[in-house]
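Structure first, then comments.
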Amino acid sequence: MPKVLISRHLGADAMALIAENTFQIVIWPEDRTADRAWLLENASGCQGILVTLNDKVDEELLSKAGPSLKAVSTMSVGYEHVRIQELASRSIKLGYTPDVLTDAVADVAIMLALMAARNAAYGLSIVQSGGWPNVGWAPFGFCGPQLGPGPTTKSFTAGFLGFGRISQATLRRLIPFGVTHAVYTDSGRGRRTEDEDTAFVEQYAAFGQLKQLKWVSLDELAAESDVVFLLAPGGESTRHIISTPFLQKMKKTAILVNPGRGTLVDSDALADALDKGWLYAAGLDVIEGEPNVTTEHPLVKSPRATVLPHIGSATTETRAAMADLAARNLVAGVLGEPLPVEYMM
Ligand code: DGY
């Protein structure tokens with residue numbers, strides 16, 4: 001009977017889908033991230049492993065699993081926690097969960113941009129601490145930059161590090177805000193053509209004022225954007241791509257939003273840049289080293305950073321769809337069938 005190792009209970013529906021098969025199911029019994037030692041102890045002889053983004057799938061785990069392992073399924077679109085090369089060299093398939101979370105993450109990207117620009121976290125803290133009667137309404141109280149051209153300017157540029165599905169969904173949401181220009185540096189796989197960019201602009205022309213979408217260098221991304229969204233996959237090649245040299249080039253009124261991966265940003269450099277006013281504010285759903293981020297973290301302490309605990313895909317519907325897809329990827333991988341959604345290495 002094939003053995004499958006599951007690092008987290010995925011909800012009744014997804015678990016039932018796995019249990020329909022005659023598998024030996026070994027599942028981490030607690031409602032928290034599986035202990036690494038438990039994963040290593042139980043991996044031996046597995047044909048499939050199902051993980052979340054908290055579990056490292058590396059040489060050590062794959063060696064413990066041994067040559068029987070056919071597929072790894074991750075309940076995430078991100079794969080920074082998976083050593084792709086190690087899987088490729090062993091011909092182990094990787095299933096992941098793109099598409100189903102695109103809208104949920106794009107929604108949070110917009111929410112973070114607005115929260116950061118409009119000092120929402122600070123405003124909430126004032127209300128919750130009973131301070132509203134003291135601050136009252138002031139002509140320039142709580143003011144931050146507008147997400148869009150606003151009443152006095154004619155242009156607004158949205159920038160993207162990575163221009164995959166979630167960036168495109170984020171840009172579509174920004175078009176009714178009056179965005180006039182969009183720029184991107186694609187640090188992921190593949191490069192778009194100018195024709196594709198023109199077609200995107202034409203497709204959404206009727207919904208706003210978007211005039212141009214174009215590829216730019218990283219330096220241009222920093223200098224031209226009024227808001228920058230970080231939606232690249234992460235990993236060693238992009239670690240700390242957002243650091244002092246980038247931050248120094250940003251507009252003082254710009255907002256940095258990271259719904260992608262924490263490792264893209266040098267946290268100390270960002271906290272310093274916010275302190276010095278090189279950019280206006282940051283909205284972060286992810287931070288390097290998460291979830292071990294305490295109130296002592298420089299970005300949690302920064303009054304200009306809005307920090308959320310990695311909730312980009314956290315709608316009930318999206319998480320259910322991710323769990324379902326992860327379960328189906330696992331089952332197909334173990335049965336030697338094509339994976340519903342396979343990461344092509
Ligand atoms: C993913 O799936 O990679 C997301 O970060 C989860 O929200």
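Ligands are numbered from 1 in the order shown, residues from 1 within each chain, and chains are lettered A, B, ... in the order they appear in the structure tokens.
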Q | Selection as a PyMOL selection string: residues within 6 Å of ligand 1 by only C-alpha atoms and all ligand atoms | A | chain A and resi 76-78+311-313
For the residues selected in the previous step, produce a file with C-alpha atoms as a PDB file, in the first residue's frame.
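Dumped to again.pdb:
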```pdb
ATOM      1  CA  SER A  76       0.837  27.005  -2.222  1.00  0.00           C
ATOM      2  CA  VAL A  77       1.602  28.787  -5.436  1.00  0.00           C
ATOM      3  CA  GLY A  78       5.003  29.709  -4.019  1.00  0.00           C
ATOM      4  CA  ILE A 311      -3.017  36.240   4.833  1.00  0.00           C
ATOM      5  CA  GLY A 312      -2.920  36.899   1.070  1.00  0.00           C
ATOM      6  CA  SER A 313      -4.780  33.741   0.087  1.00  0.00           C
TER       7      SER A 313
END
```
Near segment 193-202 of chain A, within 7 Å and counting only C-alpha atoms, which residues show up once chain neighbours fewer than 5 positions away are dropped, as a PDB file with C-alpha atoms, in the first residue's frame?
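And here is the file that came out, out_22.pdb:
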```pdb
ATOM      1  CA  LEU A 210      -4.113  53.175 -18.497  1.00  0.00           C
ATOM      2  CA  LYS A 211      -1.963  54.404 -21.398  1.00  0.00           C
ATOM      3  CA  GLN A 212       1.126  52.272 -21.206  1.00  0.00           C
ATOM      4  CA  LEU A 213       2.471  49.023 -19.794  1.00  0.00           C
ATOM      5  CA  LYS A 214       6.166  48.370 -20.288  1.00  0.00           C
TER       6      LYS A 214
END
```
Q.
Give me, as a PyMOL selection string, the residues of segment 73-123 of chain A that a backbone DSSP run labels strand (DSSP E).
A. chain A and resi 73-74+93-95
Select from segment 140-207 of chain A every residue with an atom at most 10 Å from any atom of segment 111-128 of chain A, then for each give the shortest pair of atoms and their distance in Å to one decimal, using only C-alpha atoms, rows by chain and rising number, as a Markdown table.
```
| residue | atom | partner | partner_atom | distance |
| --- | --- | --- | --- | --- |
| A:Gly141 | CA | A:Gly123 | CA | 9.8 |
| A:Phe142 | CA | A:Asn119 | CA | 6.1 |
| A:Cys143 | CA | A:Arg118 | CA | 6.4 |
| A:Gly144 | CA | A:Arg118 | CA | 5.1 |
| A:Pro145 | CA | A:Ala117 | CA | 5.6 |
| A:Gln146 | CA | A:Ala117 | CA | 6.9 |
| A:Leu147 | CA | A:Leu114 | CA | 6.8 |
```
Q) Separation of atom CA of Val265 of chain A and atom CA of Leu161 of chain A, in Å? A)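 Interatomic distance, atom CA of Val265 of chain A to atom CA of Leu161 of chain A: 11.6 Å.
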(Q) Would you pick out the contacts of Asp285 of chain A at 9 Å or less, using only C-alpha atoms, so that residues sharing its chain but fewer than 6 positions from it are not included, and give the list as a ChimeraX atom specification? (A) /A:108-109,112,257-262,306-312
Q.
When you count only C-alpha atoms, which of these residues is closest to Thr253 of chain A: A:Asp31, A:Asp268, A:Asp226, A:Glu236?
A.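 Comparing A:Asp31, A:Asp268, A:Asp226, A:Glu236 against Thr253 of chain A, the winner is A:Asp226.
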**Q.** Selected residue, from A:Val100, A:Ala321, A:Cys46, A:Leu10, that lies nearest to Arg32 of chain A when counting only C-alpha atoms
**A.**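 The answer is A:Leu10, which sits nearest to Arg32 of chain A.
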Q: Skip segment 149-156 of chain A itself and residues of its chain fewer than 3 positions away, then list as an MDAnalysis selection string all residues within 12 Å of it, counting only C-alpha atoms.
A: chainID A and resid 144:146 159 174:183 208:212 224:228 251 253:254
Q: Would you list, as a PyMOL selection string, the residues of segment 43-99 of chain A that end up in helix (DSSP H, G or I) under DSSP run on this structure's backbone?
A: chain A and resi 59-65+84-89
Resulting file, chosen residues, N, CA and C atoms, as a PDB file, in the first residue's frame:
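The resulting file, selection.pdb, is shown below:
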```pdb
ATOM      1  N   GLU A  59      17.160  18.389   0.304  1.00  0.00           N
ATOM      2  CA  GLU A  59      17.937  17.165   0.104  1.00  0.00           C
ATOM      3  C   GLU A  59      17.730  16.196   1.276  1.00  0.00           C
ATOM      4  N   GLU A  60      17.729  16.753   2.494  1.00  0.00           N
ATOM      5  CA  GLU A  60      17.612  15.917   3.694  1.00  0.00           C
ATOM      6  C   GLU A  60      16.279  15.160   3.719  1.00  0.00           C
ATOM      7  N   LEU A  61      15.183  15.870   3.467  1.00  0.00           N
ATOM      8  CA  LEU A  61      13.870  15.228   3.501  1.00  0.00           C
ATOM      9  C   LEU A  61      13.730  14.226   2.355  1.00  0.00           C
ATOM     10  N   LEU A  62      14.219  14.611   1.173  1.00  0.00           N
ATOM     11  CA  LEU A  62      14.091  13.715   0.026  1.00  0.00           C
ATOM     12  C   LEU A  62      14.908  12.442   0.238  1.00  0.00           C
ATOM     13  N   SER A  63      16.083  12.588   0.851  1.00  0.00           N
ATOM     14  CA  SER A  63      16.904  11.405   1.119  1.00  0.00           C
ATOM     15  C   SER A  63      16.224  10.492   2.128  1.00  0.00           C
ATOM     16  N   LYS A  64      15.598  11.103   3.141  1.00  0.00           N
ATOM     17  CA  LYS A  64      14.877  10.280   4.135  1.00  0.00           C
ATOM     18  C   LYS A  64      13.739   9.528   3.455  1.00  0.00           C
ATOM     19  N   ALA A  65      13.055  10.203   2.521  1.00  0.00           N
ATOM     20  CA  ALA A  65      11.945   9.538   1.830  1.00  0.00           C
ATOM     21  C   ALA A  65      12.469   8.380   0.989  1.00  0.00           C
ATOM     22  N   ILE A  84      13.869  22.868  -5.985  1.00  0.00           N
ATOM     23  CA  ILE A  84      13.413  22.377  -7.290  1.00  0.00           C
ATOM     24  C   ILE A  84      14.469  21.470  -7.940  1.00  0.00           C
ATOM     25  N   GLN A  85      15.727  21.898  -7.862  1.00  0.00           N
ATOM     26  CA  GLN A  85      16.785  21.116  -8.520  1.00  0.00           C
ATOM     27  C   GLN A  85      16.913  19.714  -7.933  1.00  0.00           C
ATOM     28  N   GLU A  86      16.724  19.627  -6.605  1.00  0.00           N
ATOM     29  CA  GLU A  86      16.795  18.315  -5.943  1.00  0.00           C
ATOM     30  C   GLU A  86      15.672  17.401  -6.442  1.00  0.00           C
ATOM     31  N   LEU A  87      14.494  17.980  -6.633  1.00  0.00           N
ATOM     32  CA  LEU A  87      13.378  17.186  -7.146  1.00  0.00           C
ATOM     33  C   LEU A  87      13.670  16.761  -8.586  1.00  0.00           C
ATOM     34  N   ALA A  88      14.133  17.740  -9.383  1.00  0.00           N
ATOM     35  CA  ALA A  88      14.376  17.459 -10.805  1.00  0.00           C
ATOM     36  C   ALA A  88      15.404  16.345 -10.961  1.00  0.00           C
ATOM     37  N   SER A  89      16.460  16.397 -10.140  1.00  0.00           N
ATOM     38  CA  SER A  89      17.519  15.408 -10.310  1.00  0.00           C
ATOM     39  C   SER A  89      17.044  14.007  -9.911  1.00  0.00           C
TER      40      SER A  89
END
```
Q: Rounded to one decimal place, report the atom CA of Val293 of chain A-atom CA of Leu270 of chain A distance in Å.
A: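 Atom-to-atom, atom CA of Val293 of chain A and atom CA of Leu270 of chain A are spaced 15.1 Å apart.
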**Q.** Shell around segment 331-336 of chain A at 7 Å using only C-alpha atoms, local window under 6 positions removed, as a PyMOL selection string
**A.** chain A and resi 18+47-48+70-71
(Q) Need to verify the contact set: segment 288-292 of chain A, 7 Å, only C-alpha atoms, exclusion of same-chain residues closer than 2 positions in sequence. Can you return it as a list in words? (A) Gly262, Thr263, Val286 and Thr294 of chain A
How would the residues just picked look written out with C-alpha atoms as a short mmCIF file (atom, residue, chain, number, x, y, z; two decimals), in the first residue's frame?
```cif
data_model
loop_
_atom_site.label_atom_id
_atom_site.label_comp_id
_atom_site.auth_asym_id
_atom_site.auth_seq_id
_atom_site.Cartn_x
_atom_site.Cartn_y
_atom_site.Cartn_z
CA GLY A 262 9.69 38.03 2.57
CA THR A 263 13.16 37.21 1.29
CA VAL A 286 5.27 38.61 4.27
CA THR A 294 7.87 39.72 17.16
#
```
